[in-house]
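Raw contents of structure-v9.tsv, TSV, C-alpha atoms:
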chain	number	residue	atom	x	y	z
P	1	MET	CA	111.54	145.52	70.36
P	2	SER	CA	110.78	146.87	66.88
P	3	SER	CA	108.46	144.76	64.80
P	4	LYS	CA	111.27	144.12	62.33
P	5	ALA	CA	113.53	142.69	65.02
P	6	HIS	CA	110.62	140.64	66.33
P	7	SER	CA	109.85	139.14	62.91
P	8	SER	CA	113.51	138.39	62.22
P	9	ASN	CA	113.62	136.56	65.56
P	10	ASN	CA	110.59	134.55	64.47
P	11	ILE	CA	112.27	133.72	61.15
P	12	ALA	CA	115.48	132.69	62.89
P	13	HIS	CA	113.46	130.44	65.20
P	14	ALA	CA	111.51	128.97	62.28
P	15	ARG	CA	114.76	128.29	60.39
P	16	ARG	CA	116.17	126.46	63.44
P	17	THR	CA	112.97	124.43	63.78
P	18	VAL	CA	113.09	123.41	60.13
P	19	GLN	CA	116.76	122.50	60.46
P	20	GLN	CA	115.97	120.37	63.53
P	21	LEU	CA	113.03	118.64	61.81
P	22	ARG	CA	115.28	117.81	58.84
P	23	ILE	CA	117.70	116.05	61.19
P	24	GLU	CA	114.87	114.13	62.89
P	25	ALA	CA	113.27	113.16	59.58
P	26	SER	CA	116.50	111.72	58.17
P	27	ILE	CA	117.32	109.15	60.87
P	28	GLU	CA	117.37	105.44	60.10
P	29	ARG	CA	114.64	103.40	61.72
P	30	ILE	CA	114.04	99.72	62.45
P	31	LYS	CA	110.80	97.78	62.46
P	32	ILE	CA	108.74	97.52	65.65
P	33	SER	CA	108.93	93.73	65.37
P	34	LYS	CA	112.71	93.89	65.69
P	35	ALA	CA	112.60	96.54	68.43
P	36	SER	CA	110.09	94.46	70.40
P	37	ALA	CA	112.05	91.23	69.94
P	38	ASP	CA	115.22	92.89	71.21
P	39	LEU	CA	113.45	94.24	74.30
P	40	MET	CA	111.88	90.84	75.04
P	41	ASN	CA	115.24	89.10	74.60
P	42	TYR	CA	116.94	91.55	76.95
P	43	CYS	CA	114.26	90.98	79.61
P	44	ASN	CA	114.60	87.20	79.25
P	45	GLU	CA	118.38	87.14	79.34
P	46	HIS	CA	118.56	89.30	82.45
P	47	ALA	CA	115.53	88.00	84.35
P	48	ARG	CA	117.59	85.75	86.59
P	49	ASN	CA	119.75	88.72	87.60
P	50	ASP	CA	116.74	90.85	88.53
P	51	PRO	CA	116.19	90.44	92.28
P	52	LEU	CA	113.00	92.52	92.37
P	53	LEU	CA	111.53	90.26	89.69
P	54	ILE	CA	112.50	86.81	90.93
P	55	GLY	CA	112.69	87.48	94.65
P	56	ILE	CA	115.59	87.32	97.10
P	57	PRO	CA	116.16	84.49	99.57
P	58	ALA	CA	116.17	85.90	103.10
P	59	SER	CA	119.76	84.78	103.68
P	60	ASP	CA	120.95	86.79	100.65
P	61	ASN	CA	118.93	89.93	101.40
P	62	PRO	CA	121.19	92.60	102.98
P	63	PHE	CA	118.12	94.70	103.78
P	64	LYS	CA	116.26	92.02	105.68
P	65	ASP	CA	116.85	92.10	109.41
P	66	LYS	CA	118.43	88.86	110.43
P	67	LYS	CA	116.97	86.97	113.37
P	68	THR	CA	119.66	86.51	115.96
P	69	CYS	CA	120.77	83.03	116.94
P	70	THR	CA	122.37	82.02	120.18
P	71	ILE	CA	124.83	79.20	120.29
P	72	LEU	CA	124.07	77.08	123.27
I	1	MET	CA	106.56	137.70	54.75
I	2	GLY	CA	107.19	135.12	52.03
I	3	GLU	CA	109.99	133.34	53.82
I	4	MET	CA	107.95	132.77	57.00
I	5	GLU	CA	105.16	131.16	54.97
I	6	GLU	CA	107.64	128.92	53.17
I	7	LEU	CA	109.26	127.91	56.42
I	8	ARG	CA	105.85	127.09	57.97
I	9	LYS	CA	104.99	124.94	54.96
I	10	GLU	CA	108.29	123.11	55.17
I	11	MET	CA	107.75	122.51	58.90
I	12	GLU	CA	104.38	120.89	58.21
I	13	ASN	CA	105.84	118.82	55.37
I	14	LEU	CA	108.66	117.54	57.53
I	15	LYS	CA	106.29	116.67	60.39
I	16	ASP	CA	104.09	114.71	57.95
I	17	GLN	CA	107.21	113.03	56.58
I	18	ILE	CA	108.26	111.90	60.04
I	19	THR	CA	104.76	110.58	60.85
I	20	ALA	CA	104.62	108.70	57.53
I	21	ALA	CA	108.13	107.29	57.93
I	22	ARG	CA	107.34	106.01	61.43
I	23	LYS	CA	104.19	104.31	60.10
I	24	THR	CA	106.16	102.30	57.54
I	25	PHE	CA	108.01	100.59	60.39
I	26	GLN	CA	104.82	99.66	62.27
I	27	ASP	CA	104.70	96.02	61.15
I	28	THR	CA	103.30	95.04	64.56
I	29	THR	CA	102.86	96.36	68.10
I	30	LEU	CA	104.76	95.44	71.25
I	31	GLN	CA	101.43	94.12	72.60
I	32	GLU	CA	101.13	91.70	69.67
I	33	ALA	CA	104.80	90.75	69.68
I	34	ALA	CA	104.59	89.93	73.39
I	35	SER	CA	101.26	88.09	73.15
I	36	GLY	CA	102.97	84.76	73.80
I	37	VAL	CA	104.74	86.03	76.90
I	38	THR	CA	103.22	85.17	80.27
I	39	VAL	CA	102.51	88.10	82.58
I	40	VAL	CA	104.83	88.14	85.58
I	41	GLY	CA	103.25	86.94	88.80
I	42	ARG	CA	102.06	89.40	91.43
I	43	VAL	CA	105.03	91.44	92.70
I	44	GLN	CA	104.84	91.98	96.43
I	45	LEU	CA	107.66	94.07	97.82
I	46	LYS	CA	107.98	94.77	101.53
I	47	THR	CA	109.36	97.83	103.27
I	48	ARG	CA	112.68	96.65	104.66
I	49	LYS	CA	113.97	99.97	105.98
I	50	THR	CA	112.53	103.39	106.71
I	51	LEU	CA	115.03	106.24	106.59
I	52	ARG	CA	113.91	108.85	109.09
I	53	GLY	CA	115.53	112.20	109.64
I	54	HIS	CA	114.25	114.78	107.20
I	55	LEU	CA	111.89	117.35	108.69
I	56	ALA	CA	110.02	118.35	105.55
I	57	LYS	CA	109.01	117.10	102.10
I	58	ILE	CA	111.57	115.00	100.27
I	59	TYR	CA	111.88	116.06	96.65
I	60	ALA	CA	114.61	113.84	95.27
I	61	MET	CA	116.81	110.83	95.90
I	62	HIS	CA	119.61	109.11	93.99
I	63	TRP	CA	121.46	105.85	94.67
I	64	GLY	CA	125.24	105.75	94.77
I	65	THR	CA	126.78	103.16	92.44
I	66	ASP	CA	127.73	100.91	95.38
I	67	SER	CA	124.03	100.07	95.88
I	68	THR	CA	124.33	100.87	99.60
I	69	LEU	CA	124.70	104.63	99.95
I	70	CYS	CA	122.05	107.00	98.65
I	71	VAL	CA	121.48	110.76	98.85
I	72	SER	CA	118.18	112.55	99.45
I	73	ALA	CA	117.17	116.21	99.27
I	74	SER	CA	114.45	117.83	101.33
I	75	GLN	CA	112.98	121.28	101.64
I	76	ASP	CA	114.12	121.20	105.25
I	77	GLY	CA	117.29	122.50	103.60
I	78	LYS	CA	119.37	119.34	103.97
I	79	LEU	CA	121.07	116.79	101.76
I	80	ILE	CA	121.43	113.53	103.66
I	81	VAL	CA	123.71	110.69	102.56
I	82	TRP	CA	122.34	107.45	104.02
I	83	ASP	CA	123.71	103.96	104.49
I	84	SER	CA	120.52	102.22	103.39
I	85	ILE	CA	121.42	98.95	105.12
I	86	THR	CA	122.18	100.32	108.59
I	87	THR	CA	119.91	103.41	108.10
I	88	ASN	CA	122.76	105.55	109.49
I	89	LYS	CA	123.21	109.06	108.22
I	90	VAL	CA	126.71	109.21	106.74
I	91	ASN	CA	126.49	112.95	106.02
I	92	ALA	CA	123.90	115.63	106.77
I	93	ILE	CA	124.74	118.61	104.59
I	94	PRO	CA	123.06	121.96	105.32
I	95	LEU	CA	122.16	123.83	102.13
I	96	LYS	CA	122.34	127.58	101.46
I	97	SER	CA	118.96	127.44	99.78
I	98	SER	CA	116.26	125.14	101.18
I	99	TRP	CA	114.24	125.22	97.94
I	100	VAL	CA	115.90	122.13	96.59
I	101	MET	CA	114.26	120.10	93.80
I	102	THR	CA	116.92	117.61	92.75
I	103	CYS	CA	120.02	115.77	93.91
I	104	ALA	CA	122.57	113.42	92.38
I	105	TYR	CA	125.38	111.09	93.44
I	106	ALA	CA	128.52	110.97	91.29
I	107	PRO	CA	129.39	107.48	89.97
I	108	SER	CA	132.74	107.70	91.83
I	109	GLY	CA	131.01	108.31	95.16
I	110	ASN	CA	133.18	111.39	95.74
I	111	LEU	CA	130.64	114.11	94.98
I	112	VAL	CA	126.96	114.92	95.37
I	113	ALA	CA	125.03	117.74	93.72
I	114	CYS	CA	121.74	119.53	94.26
I	115	GLY	CA	119.77	122.53	93.11
I	116	GLY	CA	116.31	124.04	92.87
I	117	LEU	CA	114.69	127.46	92.99
I	118	ASP	CA	118.10	129.08	93.41
I	119	ASN	CA	118.64	128.29	89.69
I	120	MET	CA	122.06	126.85	90.56
I	121	CYS	CA	123.63	123.42	90.74
I	122	SER	CA	125.83	123.14	93.86
I	123	ILE	CA	128.52	120.47	93.93
I	124	TYR	CA	129.69	119.09	97.30
I	125	ASN	CA	132.89	117.13	97.91
I	126	LEU	CA	132.18	114.25	100.30
I	127	LYS	CA	135.82	113.24	100.51
I	128	GLY	CA	137.46	116.52	101.52
I	129	LYS	CA	140.77	116.29	103.40
I	130	ASP	CA	139.57	117.52	106.79
I	131	GLY	CA	136.43	115.40	106.70
I	132	ASN	CA	134.09	118.38	106.37
I	133	VAL	CA	131.68	118.40	103.47
I	134	LYS	CA	131.92	121.75	101.68
I	135	VAL	CA	130.53	123.35	98.55
I	136	MET	CA	133.08	122.72	95.83
I	137	ARG	CA	131.40	124.63	92.99
I	138	GLU	CA	128.26	126.59	92.36
I	139	LEU	CA	127.22	126.22	88.72
I	140	ALA	CA	125.22	129.33	87.88
I	141	ALA	CA	123.90	130.31	84.46
I	142	HIS	CA	120.39	128.89	84.24
I	143	THR	CA	117.66	131.53	84.28
I	144	GLY	CA	115.11	129.13	85.71
I	145	TYR	CA	114.84	126.52	88.49
I	146	LEU	CA	117.04	123.45	88.47
I	147	SER	CA	114.73	120.46	88.01
I	148	CYS	CA	117.26	117.64	87.64
I	149	CYS	CA	121.00	116.95	87.53
I	150	ARG	CA	123.12	113.88	86.72
I	151	PHE	CA	126.91	113.43	86.88
I	152	LEU	CA	128.78	112.01	83.87
I	153	SER	CA	131.97	111.89	85.99
I	154	ASP	CA	133.65	113.94	88.73
I	155	THR	CA	134.37	116.63	86.12
I	156	GLU	CA	131.12	116.84	84.17
I	157	ILE	CA	127.45	117.15	85.11
I	158	ILE	CA	124.26	117.67	83.09
I	159	THR	CA	121.43	119.82	84.42
I	160	SER	CA	117.84	120.44	83.28
I	161	SER	CA	116.02	123.66	84.04
I	162	GLY	CA	112.74	125.55	84.11
I	163	ASP	CA	114.41	127.89	81.59
I	164	CYS	CA	113.68	125.16	78.96
I	165	THR	CA	117.33	124.23	78.43
I	166	CYS	CA	119.72	121.54	79.60
I	167	VAL	CA	123.39	122.25	80.15
I	168	LEU	CA	126.60	120.20	80.25
I	169	TRP	CA	129.01	121.76	82.78
I	170	ASP	CA	132.74	121.58	83.32
I	171	ILE	CA	132.78	121.23	87.13
I	172	GLU	CA	136.42	122.25	87.53
I	173	THR	CA	136.04	125.60	85.80
I	174	GLY	CA	132.38	126.03	86.75
I	175	THR	CA	131.49	126.90	83.15
I	176	GLU	CA	128.91	125.76	80.60
I	177	LYS	CA	130.42	123.39	78.00
I	178	MET	CA	127.25	122.88	75.97
I	179	VAL	CA	123.72	124.24	76.02
I	180	PHE	CA	120.93	121.97	74.78
I	181	ALA	CA	118.09	124.19	73.61
I	182	GLY	CA	114.94	123.09	71.81
I	183	HIS	CA	112.23	122.31	74.35
I	184	GLN	CA	109.30	124.73	74.31
I	185	GLY	CA	108.51	124.25	77.99
I	186	ASP	CA	110.23	123.79	81.37
I	187	CYS	CA	112.60	120.80	81.34
I	188	MET	CA	111.54	118.63	84.26
I	189	SER	CA	113.77	115.57	84.21
I	190	LEU	CA	116.75	113.98	82.52
I	191	GLY	CA	118.38	110.57	82.22
I	192	VAL	CA	121.84	109.57	80.95
I	193	SER	CA	122.29	106.58	78.62
I	194	PRO	CA	124.20	103.55	79.98
I	195	ASP	CA	127.10	104.34	77.58
I	196	PHE	CA	127.16	108.03	78.67
I	197	LYS	CA	126.95	109.20	75.02
I	198	PHE	CA	123.36	110.42	75.10
I	199	PHE	CA	120.85	111.85	77.50
I	200	ILE	CA	117.08	112.22	77.38
I	201	SER	CA	115.00	115.09	78.71
I	202	GLY	CA	111.28	115.33	79.51
I	203	ALA	CA	109.53	118.70	79.53
I	204	CYS	CA	106.34	120.70	80.02
I	205	ASP	CA	105.95	120.86	76.24
I	206	PHE	CA	104.76	117.23	76.60
I	207	THR	CA	107.74	115.89	74.61
I	208	ALA	CA	110.86	113.88	75.36
I	209	LYS	CA	114.09	114.60	73.47
I	210	LEU	CA	117.18	112.48	72.87
I	211	TRP	CA	120.43	114.50	72.83
I	212	ASP	CA	123.89	113.59	71.56
I	213	ILE	CA	126.08	114.91	74.40
I	214	ARG	CA	129.26	115.65	72.42
I	215	GLU	CA	127.52	117.17	69.38
I	216	ALA	CA	125.04	119.17	71.55
I	217	GLN	CA	122.47	117.98	69.04
I	218	CYS	CA	118.86	116.88	69.53
I	219	ARG	CA	118.55	113.65	67.53
I	220	GLN	CA	114.94	112.64	68.17
I	221	THR	CA	111.74	114.06	69.66
I	222	PHE	CA	108.93	111.91	71.05
I	223	SER	CA	105.36	113.14	71.43
I	224	GLY	CA	102.12	111.57	72.57
I	225	HIS	CA	101.74	112.62	76.17
I	226	GLU	CA	98.85	114.93	76.92
I	227	SER	CA	100.51	116.81	79.72
I	228	ASP	CA	103.87	117.66	81.32
I	229	ILE	CA	106.47	114.89	81.43
I	230	ASN	CA	107.75	114.81	85.02
I	231	ALA	CA	109.94	111.73	84.94
I	232	ILE	CA	112.15	110.03	82.39
I	233	GLY	CA	114.58	107.13	82.30
I	234	PHE	CA	116.36	104.72	79.97
I	235	PHE	CA	115.39	101.09	79.60
I	236	PRO	CA	118.50	99.21	80.88
I	237	ASN	CA	119.86	98.34	77.41
I	238	GLY	CA	119.82	102.00	76.38
I	239	ASN	CA	117.59	101.34	73.36
I	240	ALA	CA	114.32	102.63	74.79
I	241	VAL	CA	113.07	105.48	76.90
I	242	ILE	CA	110.37	105.47	79.58
I	243	THR	CA	108.43	108.64	80.41
I	244	GLY	CA	105.96	109.50	83.19
I	245	SER	CA	103.49	112.35	82.89
I	246	ASP	CA	100.87	114.50	84.61
I	247	ASP	CA	98.43	112.79	82.21
I	248	ALA	CA	98.67	109.80	84.64
I	249	THR	CA	100.34	107.51	82.08
I	250	CYS	CA	103.82	106.22	81.39
I	251	LYS	CA	105.02	105.51	77.88
I	252	LEU	CA	107.77	103.39	76.37
I	253	TYR	CA	109.46	104.83	73.27
I	254	ASP	CA	111.94	102.80	71.24
I	255	LEU	CA	114.94	104.85	70.01
I	256	ARG	CA	115.72	102.74	66.95
I	257	ALA	CA	112.08	102.49	65.82
I	258	ASP	CA	111.78	106.20	66.65
I	259	GLN	CA	108.28	105.86	68.13
I	260	GLU	CA	106.06	104.90	71.01
I	261	LEU	CA	105.76	101.15	71.66
I	262	ILE	CA	103.21	101.12	74.45
I	263	THR	CA	101.35	103.21	77.04
I	264	TYR	CA	100.97	102.14	80.66
I	265	GLN	CA	97.57	103.37	81.78
I	266	ASP	CA	94.55	102.30	83.75
I	267	SER	CA	91.23	104.09	84.13
I	268	SER	CA	91.54	103.74	87.89
I	269	ILE	CA	94.80	105.71	87.88
I	270	MET	CA	93.95	109.37	87.72
I	271	CYS	CA	96.93	110.95	89.42
I	272	GLY	CA	100.00	112.28	87.66
I	273	VAL	CA	103.25	110.30	87.59
I	274	THR	CA	105.99	112.02	89.61
I	275	SER	CA	108.86	109.57	89.27
I	276	LEU	CA	109.83	106.26	87.70
I	277	ALA	CA	112.47	103.55	87.73
I	278	ALA	CA	113.03	100.28	85.87
I	279	SER	CA	114.08	97.03	87.52
I	280	LYS	CA	117.45	95.61	86.48
I	281	SER	CA	116.19	93.44	83.63
I	282	GLY	CA	113.79	96.13	82.45
I	283	ARG	CA	110.82	93.81	82.96
I	284	LEU	CA	109.30	95.86	85.77
I	285	LEU	CA	108.44	99.56	85.68
I	286	LEU	CA	107.91	101.24	89.03
I	287	ALA	CA	106.01	104.54	88.82
I	288	GLY	CA	105.39	106.93	91.71
I	289	HIS	CA	102.17	108.93	91.68
I	290	ASP	CA	100.54	111.94	93.35
I	291	ASP	CA	98.08	109.55	95.05
I	292	PHE	CA	100.79	108.33	97.50
I	293	ASN	CA	101.27	104.99	95.69
I	294	VAL	CA	103.82	103.35	93.45
I	295	ASN	CA	102.39	101.21	90.66
I	296	ILE	CA	104.43	98.27	89.38
I	297	TRP	CA	103.94	97.36	85.72
I	298	ASP	CA	104.98	94.37	83.63
I	299	MET	CA	106.68	96.46	80.92
I	300	LEU	CA	106.18	93.94	78.11
I	301	LYS	CA	102.53	93.14	78.83
I	302	SER	CA	101.46	96.57	80.07
I	303	GLU	CA	99.66	95.03	83.04
I	304	ARG	CA	99.79	96.28	86.60
I	305	VAL	CA	101.37	93.57	88.74
I	306	GLY	CA	101.83	95.28	92.06
I	307	VAL	CA	101.45	98.35	94.23
I	308	LEU	CA	103.72	99.83	96.89
I	309	ALA	CA	101.49	101.48	99.44
I	310	GLY	CA	103.24	102.80	102.47
I	311	HIS	CA	103.65	106.51	102.26
I	312	ASP	CA	101.29	109.06	103.79
I	313	ASN	CA	101.83	111.62	101.11
I	314	ARG	CA	102.91	112.01	97.48
I	315	VAL	CA	105.75	109.76	96.30
I	316	SER	CA	108.13	112.33	94.81
I	317	CYS	CA	111.10	110.19	93.87
I	318	ILE	CA	112.06	106.59	93.26
I	319	GLY	CA	115.23	104.72	92.35
I	320	VAL	CA	116.38	101.14	91.87
I	321	SER	CA	119.92	100.40	93.04
I	322	SER	CA	122.56	99.42	90.44
I	323	ASP	CA	122.66	95.79	91.54
I	324	GLY	CA	118.86	95.70	91.34
I	325	MET	CA	118.50	94.51	94.93
I	326	ALA	CA	116.29	97.29	96.22
I	327	CYS	CA	113.96	100.10	95.31
I	328	CYS	CA	114.01	103.34	97.32
I	329	THR	CA	111.02	105.69	97.47
I	330	GLY	CA	111.03	109.23	98.84
I	331	SER	CA	107.91	111.11	99.81
I	332	TRP	CA	106.42	114.41	100.88
I	333	ASP	CA	105.74	112.58	104.17
I	334	SER	CA	109.50	113.17	104.88
I	335	PHE	CA	110.47	109.49	104.85
I	336	LEU	CA	112.42	107.28	102.48
I	337	LYS	CA	111.57	103.61	102.30
I	338	ILE	CA	113.69	100.74	101.01
I	339	TRP	CA	111.68	97.94	99.42
I	340	ASN	CA	112.43	94.50	98.05

Would you mind writing the file's structure down as structure tokens?
Amino acid sequence: MSSKAHSSNNIAHARRTVQQLRIEASIERIKISKASADLMNYCNEHARNDPLLIGIPASDNPFKDKKTCTIL
Amino acid sequence: MGEMEELRKEMENLKDQITAARKTFQDTTLQEAASGVTVVGRVQLKTRKTLRGHLAKIYAMHWGTDSTLCVSASQDGKLIVWDSITTNKVNAIPLKSSWVMTCAYAPSGNLVACGGLDNMCSIYNLKGKDGNVKVMRELAAHTGYLSCCRFLSDTEIITSSGDCTCVLWDIETGTEKMVFAGHQGDCMSLGVSPDFKFFISGACDFTAKLWDIREAQCRQTFSGHESDINAIGFFPNGNAVITGSDDATCKLYDLRADQELITYQDSSIMCGVTSLAASKSGRLLLAGHDDFNVNIWDMLKSERVGVLAGHDNRVSCIGVSSDGMACCTGSWDSFLKIWN
């Protein structure tokens, strides 16, 4: 590749990088306090529907091998 | 050249701008905000099932949306679809190339996909008319290995590659709809947002990127890791991203605050993270490591609350089922284990 083509590739790449950084710089942000509060609220609200967190009673656990019973 | 110098200056200015802007929103830390929250009690999960059948290292697994079926890929050259409750093999699909690195289950349950060092993503129809599972499409265009793939639907799939790009494919025509370029290193993993509008990618350039699927646009880039990001996933509400890296840590980045909230690390953990999954409420983070273990973290308190020790080799993949009832781990020891 000629050095001119090489440098114009570099410039094209640099232009794209600048363009991308402009997009990333311009986004709207929220405060960490709000972000944290929302995450904590989500965890709280859904805790009771999180089997790995609260545990599963043996009778409701499809993966637990059931002990067999005989009816006498 | 004058223009190159100007562009370099503008790059540095913009990077400083982003750093400064992020700082102005740092009114607290997640650690402080969660200081009143009690750490979850010790999490002790038991192996409920062991799925035996692969003859070599397992590289990937993915749950079907019914929370019962799951697919695994091994370098024995097979994709196996398992009924995780009965441990029966529903399908055992021989692959053209045994160098498989990823697999995925379509939300509909009709298709599975896989790929690896063949640089292709192969789509298989599980519900073919004559009952045989056949290759439906071979998606070829990547110039590097296929590291990860995830279906949006039966007609669209997103892939990540060692060629540093991600691609959105039209499965019916077998063509690329969008190419997502921007990473400066191999893309290792991807995750799709719960609303299917965005996806995140983790790469060997140590960054994670958020992409708008329809605009083919990178919206945000997250740095901080000191080595390759091997695993990535969304927090269940879609507002945060979790990453796992060769630097032995996991990080939580908030999308709306546009920055890292917390790092999950411990001086006793020295092995890279290979895989990760969040529990259904997002409170627990399960991370698979090179040291054969899975560490369980309280995501809000950044404290380790459990360990899954049961594999005899590296844990290469992990997934929590959609209903949150079970966690599946896959290992280089050739077994999958179901835990809850």

Near Ile58 in chain I, within 9 Å and counting only C-alpha atoms, which residues show up once chain neighbours fewer than 3 positions away are dropped, as a ChimeraX atom specification?
/I:54-55,61,72-76,101,315-317,330-336

Distance in Å - CA of Ala248 in chain I versus CA of Ile269 in chain I:
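Here the two named atoms are 6.5 Å from each other.
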
Residue contacts of Cys43 in chain P (9 Å, only C-alpha atoms) excluding same-chain residues fewer than 5 positions away, as JSON, numbers by chain
{"P": [38], "I": [280, 281, 282, 283, 300]}

Between I:Ala92, I:Val37, I:Val273, I:Ile318, which has the minimum distance to chain P (counting only C-alpha atoms)?
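Nearest candidate to chain P out of I:Ala92, I:Val37, I:Val273, I:Ile318: I:Val37.
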
Find the nearest atom pair between each residue of chain I and chain P for residues within 6 Å, count all atoms listed in the file, give distances in Å to one decimal, sort rows by chain and ascending number, and present the table as CSV.
residue,atom,partner,partner_atom,distance
I:Met11,CA,P:Val18,CA,5.6
I:Ile18,CA,P:Ala25,CA,5.2
I:Phe25,CA,P:Lys31,CA,4.5
I:Gln26,CA,P:Ile32,CA,5.6
I:Thr28,CA,P:Ser33,CA,5.8
I:Leu30,CA,P:Ser36,CA,5.5
I:Arg48,CA,P:Phe63,CA,5.8
I:Ile85,CA,P:Phe63,CA,5.5
I:Arg219,CA,P:Glu24,CA,5.9
I:Gln220,CA,P:Glu24,CA,5.5
I:Arg256,CA,P:Arg29,CA,5.4
I:Ala257,CA,P:Ile30,CA,4.8
I:Lys280,CA,P:Asp50,CA,5.2
I:Ser281,CA,P:His46,CA,4.9
I:Gly282,CA,P:Cys43,CA,5.9
I:Arg283,CA,P:Cys43,CA,5.6
I:Gly324,CA,P:Pro51,CA,6.0
I:Met325,CA,P:Pro51,CA,5.4

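For the atom pair formed by CA of Val179 in chain I and CA of Leu152 in chain I, the distance is 15.4 Å, given to one decimal.
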
What gap, in Å, lies between CA of Ala21 in chain I and CA of Thr221 in chain I?
14.0 Å

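Between Val100 in chain I and the candidates I:Lys78, I:Arg8, I:Lys251, I:Arg22, the tightest atom-to-atom separation, counting only C-alpha atoms, involves I:Lys78.
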
So, counting only C-alpha atoms, which residue among I:Asp83, I:Ser161, I:Asn230, I:Asp130 is closest to Thr143 in chain I?
I:Ser161
